[in-house]
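Peer 1: work.cif is the file, holding mmCIF, C-alpha atoms:
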data_target
loop_
_atom_site.group_PDB
_atom_site.id
_atom_site.type_symbol
_atom_site.label_atom_id
_atom_site.label_comp_id
_atom_site.auth_asym_id
_atom_site.auth_seq_id
_atom_site.Cartn_x
_atom_site.Cartn_y
_atom_site.Cartn_z
ATOM 1 C CA MET A 127 28.921 76.018 209.781
ATOM 2 C CA GLN A 128 32.405 76.120 208.274
ATOM 3 C CA ALA A 129 31.690 72.947 206.296
ATOM 4 C CA THR A 130 28.711 74.723 204.701
ATOM 5 C CA LYS A 131 30.915 77.639 203.650
ATOM 6 C CA GLN A 132 33.432 75.228 202.144
ATOM 7 C CA ASP A 133 30.692 73.313 200.324
ATOM 8 C CA SER A 134 29.208 76.517 198.917
ATOM 9 C CA SER A 135 32.683 77.643 197.827
ATOM 10 C CA ILE A 136 33.192 74.402 195.937
ATOM 11 C CA SER A 137 29.782 74.832 194.342
ATOM 12 C CA ALA A 138 30.623 78.409 193.342
ATOM 13 C CA LYS A 139 33.868 77.251 191.721
ATOM 14 C CA GLN A 140 32.028 74.517 189.831
ATOM 15 C CA LEU A 141 29.330 76.985 188.758
ATOM 16 C CA PHE A 142 31.969 79.391 187.456
ATOM 17 C CA ALA A 143 33.797 76.609 185.596
ATOM 18 C CA GLU A 144 30.516 75.518 183.995
ATOM 19 C CA PHE A 145 29.776 79.136 183.049
ATOM 20 C CA LEU A 146 33.177 79.423 181.342
ATOM 21 C CA GLU A 147 32.642 76.136 179.511
ATOM 22 C CA ASP A 148 29.222 77.247 178.312
ATOM 23 C CA HIS A 149 30.258 80.802 177.433
ATOM 24 C CA LEU A 150 33.405 79.844 175.538
ATOM 25 C CA GLY A 151 32.338 76.381 174.316
ATOM 26 C CA ILE A 152 35.408 74.731 175.890
ATOM 27 C CA GLU A 153 36.398 71.997 178.319
ATOM 28 C CA PHE A 154 37.768 74.164 181.149
ATOM 29 C CA GLN A 155 41.082 73.053 182.686
ATOM 30 C CA GLY A 156 41.992 75.941 184.967
ATOM 31 C CA PHE A 157 43.715 79.295 185.159
ATOM 32 C CA GLN A 158 47.362 80.211 184.734
ATOM 33 C CA SER A 159 48.865 83.258 186.341
ATOM 34 C CA VAL A 160 51.399 85.246 184.378
ATOM 35 C CA PHE A 161 52.632 86.815 187.626
ATOM 36 C CA GLY A 162 52.035 90.428 186.637
ATOM 37 C CA HIS A 163 53.494 90.123 183.122
ATOM 38 C CA GLY A 164 50.235 90.537 181.229
ATOM 39 C CA ASN A 165 46.795 89.013 181.480
ATOM 40 C CA ASP A 166 46.230 85.705 183.261
ATOM 41 C CA LEU A 167 45.123 82.829 181.040
ATOM 42 C CA ILE A 168 42.095 80.550 180.841
ATOM 43 C CA LEU A 169 43.300 77.000 180.166
ATOM 44 C CA PHE A 170 41.175 74.559 178.202
ATOM 45 C CA ALA A 171 41.471 71.122 176.645
ATOM 46 C CA GLY A 172 42.838 70.923 173.140
ATOM 47 C CA THR A 173 43.668 68.135 170.730
ATOM 48 C CA CYS A 174 45.349 64.977 172.060
ATOM 49 C CA ALA A 175 45.325 66.080 175.704
ATOM 50 C CA SER A 176 47.076 69.329 174.906
ATOM 51 C CA THR A 177 46.250 72.388 176.959
ATOM 52 C CA LEU A 178 45.429 75.576 175.120
ATOM 53 C CA ALA A 179 45.069 79.041 176.594
ATOM 54 C CA VAL A 180 43.380 82.338 175.873
ATOM 55 C CA PRO A 181 43.811 85.575 177.816
ATOM 56 C CA ILE A 182 41.233 86.054 180.554
ATOM 57 C CA THR A 183 40.283 89.312 178.813
ATOM 58 C CA THR A 184 38.596 87.116 176.197
ATOM 59 C CA MET A 185 35.648 87.143 178.617
ATOM 60 C CA PHE A 186 35.156 90.853 177.856
ATOM 61 C CA GLU A 187 34.364 89.992 174.232
ATOM 62 C CA SER A 188 30.884 89.133 173.048
ATOM 63 C CA ARG A 189 30.034 85.454 173.317
ATOM 64 C CA GLU A 190 30.295 84.988 169.550
ATOM 65 C CA ARG A 191 33.690 86.730 169.343
ATOM 66 C CA ALA A 192 35.035 84.839 172.385
ATOM 67 C CA ARG A 193 34.007 81.518 170.839
ATOM 68 C CA GLU A 194 35.626 82.535 167.538
ATOM 69 C CA ILE A 195 38.909 83.250 169.371
ATOM 70 C CA VAL A 196 38.739 79.788 170.959
ATOM 71 C CA ARG A 197 37.858 78.117 167.628
ATOM 72 C CA GLN A 198 40.840 79.810 165.979
ATOM 73 C CA LYS A 199 43.137 78.566 168.747
ATOM 74 C CA ILE A 200 41.780 75.020 168.414
ATOM 75 C CA ALA A 201 42.063 75.128 164.610
ATOM 76 C CA ALA A 202 45.693 76.290 164.789
ATOM 77 C CA SER A 203 46.503 73.497 167.230
ATOM 78 C CA ARG A 204 44.702 70.884 165.126
ATOM 79 C CA ASP A 205 46.512 72.122 161.998
ATOM 80 C CA ALA A 206 49.859 71.733 163.765
ATOM 81 C CA PHE A 207 48.964 68.157 164.745
ATOM 82 C CA ASN A 208 47.642 67.452 161.239
ATOM 83 C CA GLN A 209 51.014 68.359 159.736
ATOM 84 C CA ALA A 210 52.560 65.532 161.733
ATOM 85 C CA ILE A 211 49.852 62.869 161.291
ATOM 86 C CA ASP A 212 46.763 62.344 159.145
ATOM 87 C CA GLY A 213 43.310 63.431 160.346
ATOM 88 C CA GLU A 214 41.983 59.924 161.001
ATOM 89 C CA SER A 215 44.988 59.031 163.170
ATOM 90 C CA LEU A 216 44.669 62.364 164.962
ATOM 91 C CA GLU A 217 41.024 61.652 165.853
ATOM 92 C CA ALA A 218 41.928 58.159 167.098
ATOM 93 C CA LEU A 219 44.798 59.533 169.174
ATOM 94 C CA ASP A 220 42.558 62.259 170.605
ATOM 95 C CA ARG A 221 39.894 59.682 171.600
ATOM 96 C CA PHE A 222 42.588 57.560 173.267
ATOM 97 C CA TRP A 223 43.976 60.477 175.302
ATOM 98 C CA ARG A 224 40.543 61.644 176.400
ATOM 99 C CA ALA A 225 39.595 58.115 177.502
ATOM 100 C CA ASN A 226 42.832 57.332 179.312
ATOM 101 C CA SER A 227 44.354 60.569 180.597
ATOM 102 C CA SER A 228 42.117 60.850 183.682
ATOM 103 C CA LYS A 229 42.740 57.176 184.468
ATOM 104 C CA ALA A 230 46.498 57.738 184.262
ATOM 105 C CA LEU A 231 46.295 60.883 186.389
ATOM 106 C CA SER A 232 44.381 59.027 189.091
ATOM 107 C CA GLN A 233 47.361 56.682 189.469
ATOM 108 C CA THR A 234 49.734 59.521 190.427
ATOM 109 C CA ASN A 235 50.238 61.053 193.885
ATOM 110 C CA ILE A 236 48.760 64.327 192.630
ATOM 111 C CA GLY A 237 45.750 62.520 191.175
ATOM 112 C CA ARG A 238 45.093 60.644 194.393
ATOM 113 C CA GLU A 239 45.319 63.919 196.370
ATOM 114 C CA ILE A 240 42.868 65.617 193.998
ATOM 115 C CA ALA A 241 40.448 62.689 194.344
ATOM 116 C CA ARG A 242 40.788 62.764 198.139
ATOM 117 C CA ARG A 243 39.994 66.484 198.257
ATOM 118 C CA GLU A 244 37.039 66.131 195.885
ATOM 119 C CA ALA A 245 35.623 63.314 198.019
ATOM 120 C CA ALA A 246 35.913 65.386 201.228
#
Write the structure described by the file as structure tokens, please.
Peer 2:
Amino acid sequence: MQATKQDSSISAKQLFAEFLEDHLGIEFQGFQSVFGHGNDLILFAGTCASTLAVPITTMFESRERAREIVRQKIAASRDAFNQAIDGESLEALDRFWRANSSKALSQTNIGREIARREAA
């Protein structure tokens, strides 16, 4: 019976992650605690494998406003990258990172442990 509880917990986590992705229009990465110094953060994928964050209180906003906050964060990040390289190179670099970052992670000890836990 304990295995069923664990399986349902994993499913609940996945459901919540999918809800966040749908609600905010993001690729969810995780949460970051600020250890009592403000609001915890929702982490999501940005340009070129960067990780961007918005306060968890963003979820209290309407869906449209929450997505606008995320779009502004992504636009600011993209603008910062665009100052360093041209848009076409940025898109190519972003495609490269998205295609290869999970492969590289899987070759690390942490990546292998994550894969082992997901398979269990």
Peer 1: To one decimal place, how far is CA of Phe154 in chain A from CA of Ala171 in chain A in Å?
Peer 2: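 About the pair CA of Phe154 in chain A and CA of Ala171 in chain A: they are 6.6 Å apart.
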Peer 1: Go through the shown structure with the PyMOL selection byres ((chain A and resi 155) around 6) and write out the matching residues as number ranges by chain.
Peer 2: A: 154, 156, 169-170
Peer 1: Can you measure CA of Arg204 in chain A to CA of Thr183 in chain A for me? One decimal in Å is fine.
Peer 2: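 Here the two named atoms are 23.4 Å from each other.
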Peer 1: CA of Ser215 in chain A and CA of Cys174 in chain A are how many Å apart?
Peer 2: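 It comes out at 10.7 Å.
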Peer 1: If you apply the PyMOL selection byres ((chain A and resi 151) around 12) to this file, what residues do you get, as JSON, numbers by chain?
Peer 2: {"A": [143, 144, 145, 146, 147, 148, 149, 150, 152, 153, 154, 170, 171, 172, 189, 190, 191, 192, 193, 194, 195, 196, 197, 200]}
Peer 1: Name every residue that the PyMOL selection byres ((chain A and resi 168) around 6) selects in this structure, writing the answer as a list in words with chains first and numbers rising.
Peer 2: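 Going through the file, the PyMOL selection byres ((chain A and resi 168) around 6) ends up selecting Phe157, Leu167, Leu169, Ala179, Val180 and Ile182 of chain A.
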Peer 1: Listed atoms of range 172-180 of chain A, axis-aligned box, 3 Å per side: centre and edge lengths to one decimal in Å, as lines of an AutoDock Vina configuration file?
Peer 2:
center_x = 45.0
center_y = 73.7
center_z = 173.8
size_x = 10.2
size_y = 23.4
size_z = 12.2
Peer 1: Pick from A:Thr173, A:Ala218, A:Ser188, A:Ala241: nearest to Asp205 in chain A, with all atoms listed in the file counted?
Peer 2: A:Thr173
Peer 1: Taking into account all atoms listed in the file, which residue in the set A:Gln158, A:Asn165, A:Asn208, A:Asn226 is nearest to Met185 in chain A?
Peer 2: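 That would be A:Asn165, the residue with the smallest distance to Met185 in chain A.
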Peer 1: My list of candidates is A:Thr177, A:Ser137, A:Ser159, A:Asn235. Which is closest to Lys199 in chain A when distances are computed with only C-alpha atoms?
Peer 2: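 Closest candidate: A:Thr177.
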Peer 1: So, counting all atoms listed in the file, which residue among A:Ala206, A:Ala138, A:Ile211, A:Ala246 is closest to Ser176 in chain A?
Peer 2: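 Among the listed residues, A:Ala206 lies closest to Ser176 in chain A.
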